[in-house]
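Have a look at the structure below, then the notes.
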Amino acid sequence: PTRPGLKRARNFLLGAAAGGFVLAVLYVGYLALTVRVQFEGRRWDVPAQVYAAPLELYAGRSLSQDDLVAELKRLGYREDPRLPSSGTYRVGLGRMELSTRGFDFAGDKEPARLVSIAFSGGRITGLRDKRGNAMPIVRLNPLLIGSLFAAHGEDRLIVSPQEIPPLLPATLKAVEDQRFDSHWGVDPLAVLRALFVNVTSGEIRQGASTLTQQLVRSYFLSNERTWGRKLREALMAIALEMRYSKDELMHAYVNEIYLGQDGARAVHGFGLASQFYFGKPLGELELHELALLVAEVRGPTYYDPRRHPDRALERRNFVLQRMADEGIATNAAVQAAAEHDLGLVDDTRRSATQSAFLGLVRRQLSSEYARDDLERKGLVVLSTLDPTVQAAAERALAS
């Protein structure tokens, strides 16, 4: 080609490169704006949570020791003679001690207490606090009946940063993203490490996505596996890392990530997953329970503990081993945790009557509240349903 031809070709290439650069900058800016607007605007669509009436304990109430134990199990309390934390109880002869959970719903407050309860003839005969003083009344935290989730099916219980046990972020980083505290949203070294682990183990044991990329995928993108989506995922992860702190991203991850399916309801976040799988708050989980929730991150369907308990148990024990390897838990604690079964609550605990009652609550509230408020604003609904009386009525009807 002639010199003028070479010059034109060079100018064309330079112009194309400049135009491509401008388009790339505009595209990255668009993704960054999308991340900021949606991330700050969405947090989060929280359905109204419907609770039963709190069980009231007082001297003279007709309530047997066995009935109270049944109610405590419905609420996810566990029997432990040491009473190490809230949500535990121990049973004696004609007597029970329990460490109650506090609650605060719209000004309806009840502090956590250590309570001794005496029984006789199927009745409560006395209540005393940890100092031995008589107490007029104690209320247990109300049972969560269900939620009024939207048509898209997402449901979650938001936990604050203070409600996240420190063991959870540490375990998530050990299992899912070891360089979370130092990378900028994408970790090339993780790709090489995951490739090595998966090839040497003969199966997929580690992924290459960072926690930030997983958050982006859950928050903004579909699960399609294309190079274009992976590029958007990486760019949006970097945009998140540039704008938000690691603590903010971890808090968002804990509340956002998908962890299972309950019929039409998609279980998002560790707060709701803790209730769904174990029937108790996130802060009360034992080591083996927390490890199972982290195990679910890799594949809530594949590792569904109710449908595939063997897979879930193997993955949980892998998480426990990672906790030991990284010094998050002692070898003795991990060994003891590995000896536990999955410890799931009965997924049929919600009776047909409770489901029908939930429908009644929705119909009643729909006449007074906008649908958007019921499905997105995180309302707390305290209802009149008494689980103890309801259980007795259903037993009587069945017999």
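Here's how to read the names in the structure tokens: chain A, B, ... by the order shown, residue numbers from 1 in each chain, ligand numbers from 1 in the order shown.
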Any chance you could list, as a tab-separated table (two decimals) with N, CA and C atoms, in the first residue's frame, the residues in range 215-251 of chain A that come up alpha helix (DSSP H) when DSSP is run on the backbone?
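Contents of result_13.tsv, as written:
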chain	number	residue	atom	x	y	z
A	215	LEU	N	-22.26	-12.01	45.41
A	215	LEU	CA	-23.25	-11.01	45.79
A	215	LEU	C	-23.81	-10.31	44.56
A	216	VAL	N	-22.94	-9.95	43.63
A	216	VAL	CA	-23.38	-9.32	42.38
A	216	VAL	C	-24.31	-10.24	41.62
A	217	ARG	N	-23.95	-11.51	41.53
A	217	ARG	CA	-24.76	-12.48	40.79
A	217	ARG	C	-26.15	-12.60	41.40
A	218	SER	N	-26.21	-12.62	42.72
A	218	SER	CA	-27.51	-12.74	43.40
A	218	SER	C	-28.32	-11.46	43.30
A	219	TYR	N	-27.61	-10.33	43.34
A	219	TYR	CA	-28.28	-9.04	43.42
A	219	TYR	C	-28.74	-8.52	42.06
A	227	TRP	N	-19.73	-15.51	28.59
A	227	TRP	CA	-18.58	-14.65	28.85
A	227	TRP	C	-19.03	-13.21	29.10
A	228	GLY	N	-20.09	-12.78	28.43
A	228	GLY	CA	-20.59	-11.42	28.65
A	228	GLY	C	-21.07	-11.21	30.07
A	229	ARG	N	-21.79	-12.21	30.60
A	229	ARG	CA	-22.27	-12.08	31.98
A	229	ARG	C	-21.11	-12.11	32.96
A	230	LYS	N	-20.12	-12.98	32.71
A	230	LYS	CA	-18.98	-13.04	33.60
A	230	LYS	C	-18.21	-11.72	33.60
A	231	LEU	N	-18.11	-11.06	32.44
A	231	LEU	CA	-17.44	-9.77	32.37
A	231	LEU	C	-18.21	-8.73	33.17
A	232	ARG	N	-19.54	-8.68	32.98
A	232	ARG	CA	-20.36	-7.74	33.76
A	232	ARG	C	-20.22	-8.02	35.26
A	233	GLU	N	-20.22	-9.29	35.61
A	233	GLU	CA	-20.09	-9.67	37.01
A	233	GLU	C	-18.79	-9.15	37.60
A	234	ALA	N	-17.69	-9.32	36.87
A	234	ALA	CA	-16.39	-8.88	37.36
A	234	ALA	C	-16.34	-7.36	37.50
A	235	LEU	N	-16.82	-6.64	36.49
A	235	LEU	CA	-16.79	-5.18	36.53
A	235	LEU	C	-17.68	-4.64	37.66
A	236	MET	N	-18.85	-5.25	37.85
A	236	MET	CA	-19.75	-4.78	38.91
A	236	MET	C	-19.18	-5.11	40.29
A	237	ALA	N	-18.49	-6.24	40.41
A	237	ALA	CA	-17.84	-6.57	41.68
A	237	ALA	C	-16.77	-5.54	42.02
A	238	ILE	N	-15.98	-5.15	41.03
A	238	ILE	CA	-14.94	-4.13	41.26
A	238	ILE	C	-15.59	-2.80	41.64
A	239	ALA	N	-16.71	-2.46	40.97
A	239	ALA	CA	-17.41	-1.21	41.29
A	239	ALA	C	-17.92	-1.22	42.73
A	240	LEU	N	-18.45	-2.36	43.18
A	240	LEU	CA	-18.91	-2.47	44.57
A	240	LEU	C	-17.74	-2.28	45.54
A	241	GLU	N	-16.64	-2.95	45.24
A	241	GLU	CA	-15.48	-2.88	46.14
A	241	GLU	C	-14.93	-1.47	46.23
A	242	MET	N	-15.02	-0.71	45.15
A	242	MET	CA	-14.49	0.65	45.15
A	242	MET	C	-15.36	1.61	45.96
A	243	ARG	N	-16.64	1.27	46.10
A	243	ARG	CA	-17.56	2.20	46.74
A	243	ARG	C	-17.90	1.82	48.19
A	246	LYS	N	-15.53	-3.50	53.17
A	246	LYS	CA	-15.64	-4.95	53.27
A	246	LYS	C	-16.74	-5.35	54.25
A	247	ASP	N	-16.87	-4.61	55.35
A	247	ASP	CA	-17.92	-4.92	56.33
A	247	ASP	C	-19.31	-4.74	55.73
A	248	GLU	N	-19.49	-3.67	54.94
A	248	GLU	CA	-20.79	-3.44	54.30
A	248	GLU	C	-21.11	-4.55	53.30
A	249	LEU	N	-20.10	-4.99	52.54
A	249	LEU	CA	-20.32	-6.04	51.57
A	249	LEU	C	-20.63	-7.37	52.25
A	250	MET	N	-19.95	-7.66	53.35
A	250	MET	CA	-20.22	-8.91	54.07
A	250	MET	C	-21.62	-8.88	54.67
A	251	HIS	N	-22.02	-7.74	55.21
A	251	HIS	CA	-23.37	-7.62	55.77
A	251	HIS	C	-24.42	-7.84	54.68
**Prompt:** Could you pull the residues within 7 Å of range 157-169 of chain A, counting only C-alpha atoms, minus those fewer than 2 positions along the same chain, as a ChimeraX atom specification?
**Reply:** /A:171-173,251,255,271-272,283
Take the selection from the previous step and output its residues with N, CA and C atoms, as a CSV table (one decimal), in the first residue's frame.
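Result saved to result-v3.csv:
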chain,number,residue,atom,x,y,z
A,171,THR,N,-15.8,-18.1,58.6
A,171,THR,CA,-16.0,-19.4,57.9
A,171,THR,C,-16.3,-19.2,56.4
A,172,LEU,N,-17.1,-18.2,56.1
A,172,LEU,CA,-17.4,-17.9,54.7
A,172,LEU,C,-16.1,-17.5,53.9
A,173,LYS,N,-15.2,-16.8,54.6
A,173,LYS,CA,-14.0,-16.4,53.9
A,173,LYS,C,-13.1,-17.6,53.8
A,251,HIS,N,-22.0,-7.7,55.2
A,251,HIS,CA,-23.4,-7.6,55.8
A,251,HIS,C,-24.4,-7.8,54.7
A,255,ASN,N,-27.2,-11.2,54.2
A,255,ASN,CA,-28.7,-11.0,54.1
A,255,ASN,C,-29.2,-11.3,52.7
A,271,GLY,N,-30.2,-15.2,58.1
A,271,GLY,CA,-31.2,-15.0,59.2
A,271,GLY,C,-32.4,-15.9,59.0
A,272,LEU,N,-33.0,-15.9,57.8
A,272,LEU,CA,-34.1,-16.8,57.6
A,272,LEU,C,-33.7,-18.2,57.4
A,283,GLY,N,-27.8,-16.1,65.9
A,283,GLY,CA,-26.8,-16.0,67.0
A,283,GLY,C,-26.8,-17.2,67.9
Range 320-366 of chain A near range 375-385 of chain A within 9 Å: what's each residue's closest atom pair and its distance in Å to one decimal, counting only C-alpha atoms, ordered by chain then ascending residue number, as JSON lines?
{"residue": "A:Gln354", "atom": "CA", "partner": "A:Leu385", "partner_atom": "CA", "distance": 8.4}
{"residue": "A:Phe357", "atom": "CA", "partner": "A:Leu385", "partner_atom": "CA", "distance": 8.2}
{"residue": "A:Val361", "atom": "CA", "partner": "A:Ser383", "partner_atom": "CA", "distance": 8.1}
**Request:** Would you mind telling me which residue in A:Ala190, A:Ala264, A:Leu344, A:Leu144 lies nearest to Ala52 in chain A when using only C-alpha atoms?
**Result:**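 Going through A:Ala190, A:Ala264, A:Leu344, A:Leu144 one by one, the smallest distance to Ala52 in chain A is for A:Leu144.
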**Request:** Can you work out the spacing between CA of Val115 in chain A and CA of Ala392 in chain A in Å, to one decimal?
**Result:** 24.8 Å
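Excluding range 134-142 of chain A itself and same-chain residues fewer than 2 positions from it, the residues having an atom within 8 Å of it are A:Tyr51, A:Ala52, A:Ala53, A:Pro54, A:Leu55, A:Glu56, A:Leu57, A:Tyr58, A:Ala59, A:Leu75, A:Thr100, A:Arg101, A:Gly102, A:Phe103, A:Glu110, A:Gly126, A:Leu127, A:Arg128, A:Asp129, A:Gly132, A:Leu144, counting only C-alpha atoms.
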**Item:** Point-to-point distance in Å for CA of Glu79 in chain A and CA of Gly327 in chain A
**Value:**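 Separation between CA of Gly327 in chain A and CA of Glu79 in chain A: 28.6 Å.
The space between CA of Val186 in chain A and CA of Gln213 in chain A spans 7.2 Å.
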**Nearest to Phe270 in chain A, chosen from A:Glu296, A:Asp304, A:Asp187, A:Asp325, with only C-alpha atoms counted in the distances** =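 Nearest to Phe270 in chain A: A:Glu296.
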**Message:** Show me, as a list of chain:residue names, the residues that have an atom within 9 Å of Ala333 in chain A when counting only C-alpha atoms, minus same-chain residues fewer than 4 positions from it.
**Reply:**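 Listed by chain and then number, they are A:Leu287, A:Ala324, A:Ala329, A:Ala337, A:Ala338.
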Using C-alpha atoms, can you export the residues from the last selection as a PDB file, in the first residue's frame?
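What ended up in again.pdb:
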ATOM      1  CA  LEU A 287     -20.784 -25.046  65.288  1.00  0.00           C
ATOM      2  CA  ALA A 324      -9.987 -26.438  61.748  1.00  0.00           C
ATOM      3  CA  ALA A 329     -12.254 -23.619  65.585  1.00  0.00           C
ATOM      4  CA  ALA A 337     -19.374 -31.023  65.745  1.00  0.00           C
ATOM      5  CA  ALA A 338     -18.723 -33.665  63.068  1.00  0.00           C
TER       6      ALA A 338
END
**Expected answer as JSON, numbers by chain: strand (DSSP E or B) residues in range 157-365 of chain A** = {"A": [258, 259, 260, 261, 262, 265, 266, 267, 268]}
